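*Asks:* Below: one structure in structure tokens.
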Protein chains: 2
Amino acid sequence: MPVETLIWVGDRPGHVRMIEQTKLPTEYELLDVTTVEEMVDAIYRLAVRGAPAIGVAAGYGVLLGVQELEGLSAEEMLGRTREIAATLGKARPTAVNLFWALDRMVARAQNDLESGLAGDAIRDGLFDEAHAIFHEDQTTCEALGKHGAELIRDGGSYLTHCNAGALATANTGTALAPFYEAARQGKTIVVFADETRPLLQGARLTAWELMQEGIDVTLLTDSCAGRVMFEGKIDAVFVGSDRIARNGDVCNKIGTYSVAVLAREHGVPFYAVAPLSTFDREILSGDQIPIEERPPEEVTCGFGKQTAPEGVKVYNPAFDVTPARLVRGIVAERGVIEEPGRESVERVMREAGIELGE
Amino acid sequence: MPVETLIWVGDRPGHVRMIEQTKLPTEYELLDVTTVEEMVDAIYRLAVRGAPAIGVAAGYGVLLGVQELEGLSAEEMLGRTREIAATLGKARPTAVNLFWALDRMVARAQNDLESGLAGDAIRDGLFDEAHAIFHEDQTTCEALGKHGAELIRDGGSYLTHCNAGALATANTGTALAPFYEAARQGKTIVVFADETRPLLQGARLTAWELMQEGIDVTLLTDSCAGRVMFEGKIDAVFVGSDRIARNGDVCNKIGTYSVAVLAREHGVPFYAVAPLSTFDREILSGDQIPIEERPPEEVTCGFGKQTAPEGVKVYNPAFDVTPARLVRGIVAERGVIEEPGRESVERVMREAGIELGE
């Protein structure tokens, strides 16, 4: 199975062992994180990245802060949990999953306090909660992989963009989960990975993790994706998603939309692989999704060396939106939403217990 | 008017002054080339690049070798011309325009010898021929710019890919010529330049030369082109071409095809700007065009730093083919070939005196 992006080592006291992703793809180094401060640093430096993996790191980060506390009152334990969560939250103030996980940890402590548990028992509950976040992520990846692998044929050839893989989760990833699962089932597949400018997650991370697993991967510049489809080399596209609107529009890394248009042109099915946590009940359609603009230096000085004129204007949106009409299916935990649209997406959200109002 | 990519300085003896393109975009440096060996070095190092500019450099390179010869016999002068051409030809053995220009210089010497001219007169004829190559390139760019500018509106916004600009020619380029001409006519335009991985000609060269001219240019990663079209920001696409088939299929830098598909999806007209020298009578359709594959290091170590795993497979074709059906028009010296196809392209080729057989 895939690389272990981050795991909890030992019992109590234990610590987190993670892949130092800033050293990839040229060096493989494991980082032992033993304190809250070290976890803040690891998240800040992007040693660990990817929404689900950051959520897991946040939960375990809380454990690093509470595991040696003994004999505190329930109120003191809740207070310390809040403080630790506030500290961890400063690591990446825009990472939604960081706050989702921290809120969940604090809520657990709060609930346990309200249930009358003592400080040490609240601390024990936090262990259960952090491990639950980890295991839920594992289960999610497995489910996505299982449903996605049904769309993959032995001998098939697939394209992905960016990195929504093992390195972004505690298991096999989202977009890459179907590849891992198909390989596990004995299917021989070929994966083409867009390098994904400006930050090259495809080159640095996707290519690396698939090579570790022995999956046949070929790296492409982003603008070569059209050519390989033209040559008839791609059976389907699998990408992750940062946010899915209630009408099925898919927000993902910049360049995903171009891949979707090219896939449609060539009759290649385009799949987004996304856990239900990605579905945003606040967003009716993709045009409501704010698109973050990133610094020009990512484009002009991508790798330390300046490769564009001083002062040139740059347009560098981090994401784009792929309209649902270009999406053949959204692979979610409970199955594939074929030809997604408002009705089918909202039905799946309701079935999963997400309240949509109206 | 635009930057002077290369010019002949002085009369006789004179020398070539060129922009040292390897230093762009961070340093602007002029290089004085005074010997054949220096010209070989400049072409080899890509100090001068772009098919038309290489042709001009080759013609002037011959002059550097013959300009100080006095009193040679006609046979001796032809022999020296051949030797110099052979030396220059080694600079970039795959550059078609290099050989086209060198053959033309040798043919001039041969013809003048056959006409009974003496050595010194043959040498003088070579000066005429080299300057003719330069001036013909200037005239070609002007014609392309004039026809292309008719497709550009005041206040319009345009996308280009790679660099087919002043830095690739002795004047305003091919794809960029319409922008220079439109600006000269007083039209205010906005240009979006794809950075053009792997070699970043858009970032390093197109952005730089348009900024020199004061044309509003914004740099994009290649995978952002779809997003800007989605946002309705692009009125038309202008690209150059390395080779045009008799059916109107356009071979150009990798990524051009993706841009053409995206343009079609958004109802944005896609124009290739190409002198008649680009039309290849040997090629009936794009699928007959061999696509050069370039070294993987261009993708894996594009910025001096290794950004992909050691030993990863890479697919790195230098070019792709855009089928004629995606091309709204080919802008050539004699005007725009609208909705190009075999009949219209061959008619223009015949009118230009290109023999097509049959």
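Residues in the structure tokens are numbered from 1 in each chain, the chains being A, B, ... in the order shown, and ligands are numbered from 1 in the order shown.
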Within 7 Å of Thr206 (chain A), counting only C-alpha atoms, which residues qualify if same-chain residues fewer than 3 places away don't, as a list in words?

*Replies:* Asn163, Gly165, Ala193, Gln201, Gly202, Ala203, Glu209 and Leu210 of chain A

*Asks:* Can you pull out the residues contacting region 212-222 of chain B? Cut-off 7 Å, using only C-alpha atoms, and skip same-chain residues under 5 positions away; I want them as a list in words.

*Replies:*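 The contact residues come out as Arg197, Pro198, Asp222, Ser223, Val299, Val312, Lys313, Val314, Tyr315 and Asn316 of chain A; Pro2, Ile189, Val190, Val191, Phe192, Ala193, Asp194, Glu195, Thr196, Ala203 and Ala207 of chain B.
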
*Asks:* Determine the nearest neighbour of chain B from the options A:Gly116, A:Gly302, A:Gly14, A:Gly155, counting only C-alpha atoms.

*Replies:*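 Going through A:Gly116, A:Gly302, A:Gly14, A:Gly155 one by one, the smallest distance to chain B is for A:Gly302.
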
*Asks:* Report as a ChimeraX atom specification all protein, DNA and RNA residues lying within 12 Å of Ala91 (chain A), evaluated on only C-alpha atoms, omitting residues in the same chain fewer than 2 positions from it.

*Replies:* /A:36-49,54,57-58,61,84-89,93-96,98-99,102

*Asks:* Apply DSSP to the structure's backbone, then extract all residues of region 275-346 of chain A labelled alpha helix (DSSP H) and return them as number ranges by chain.

*Replies:* A: 297-300, 342-346

*Asks:* What's around region 266-277 of chain B at 8 Å? Count only C-alpha atoms, leave out sequence neighbours fewer than 2 positions away in its own chain, and write the answer as a ChimeraX atom specification.

*Replies:* /B:140,144,148,174-175,229-230,234-241,250,260,262-264,279-280,326-333,349,352

*Asks:* So which residues of region 66-212 of chain A fall under strand (DSSP E or B) by DSSP, listed as a PyMOL selection string?

*Replies:* chain A and resi 157-160+165+173+190-194

*Asks:* I'd like to know which of A:Glu181, A:Asp32, A:Glu83, A:Glu310 is closest to chain B, using only C-alpha atoms.

*Replies:*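 Result for the nearest residue to chain B: A:Glu310.
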
*Asks:* Residues near Ala168 (chain B), anyone? I mean within 7 Å using only C-alpha atoms, not counting same-chain ones fewer than 4 positions away, as a list of chain:residue names.

*Replies:*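 Those residues are B:Arg49, B:Gly50, B:Ala51, B:Pro52, B:Ala53, B:Ala164, B:Gly173.
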
*Asks:* From the options A:Val66, A:Leu356, A:Val336, A:Leu24, which residue's atoms come nearest to chain B, counting only C-alpha atoms?

*Replies:* A:Leu24

*Asks:* Just give me the gap between CA of Asn171 (chain A) and CA of Asp242 (chain A) in Å, one decimal is fine.

*Replies:*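 According to the coordinates, CA of Asn171 (chain A) and CA of Asp242 (chain A) are separated by 17.6 Å.
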
*Asks:* Closest to chain B among A:Cys224, A:Val56, A:Ile283, A:Val348, using only C-alpha atoms?

*Replies:*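 Going through A:Cys224, A:Val56, A:Ile283, A:Val348 one by one, the smallest distance to chain B is for A:Cys224.
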
*Asks:* Could you pull the residues within 10 Å of Val16 (chain A), counting only C-alpha atoms, minus those fewer than 3 positions along the same chain, as a list of chain:residue names?

*Replies:*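 Everything that qualifies: A:Leu6, A:Ile7, A:Trp8, A:Val9, A:Gly10, A:Leu31, A:Asp32, A:Val33, A:Thr34, A:Thr35, A:Met39, A:Ala57, A:Tyr60, A:Gly61, A:Leu63, A:Leu64.
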
*Asks:* Selected residues, C-alpha atoms, written as a CSV table (one decimal), in the first residue's frame, please.

*Replies:*
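Result file follows (part_9.csv):
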```csv
chain,number,residue,atom,x,y,z
A,6,LEU,CA,1.7,10.7,8.6
A,7,ILE,CA,1.1,8.2,11.4
A,8,TRP,CA,1.0,8.2,15.2
A,9,VAL,CA,3.9,6.2,16.6
A,10,GLY,CA,3.8,4.5,20.0
A,31,LEU,CA,10.2,13.8,10.3
A,32,ASP,CA,9.4,13.0,14.0
A,33,VAL,CA,7.1,15.6,15.4
A,34,THR,CA,7.0,15.5,19.2
A,35,THR,CA,5.6,18.9,20.3
A,39,MET,CA,3.6,20.5,14.5
A,57,ALA,CA,-2.1,16.4,11.6
A,60,TYR,CA,-2.6,14.6,16.5
A,61,GLY,CA,-1.1,18.0,17.1
A,63,LEU,CA,-2.5,15.0,21.4
A,64,LEU,CA,1.1,16.2,21.5
```
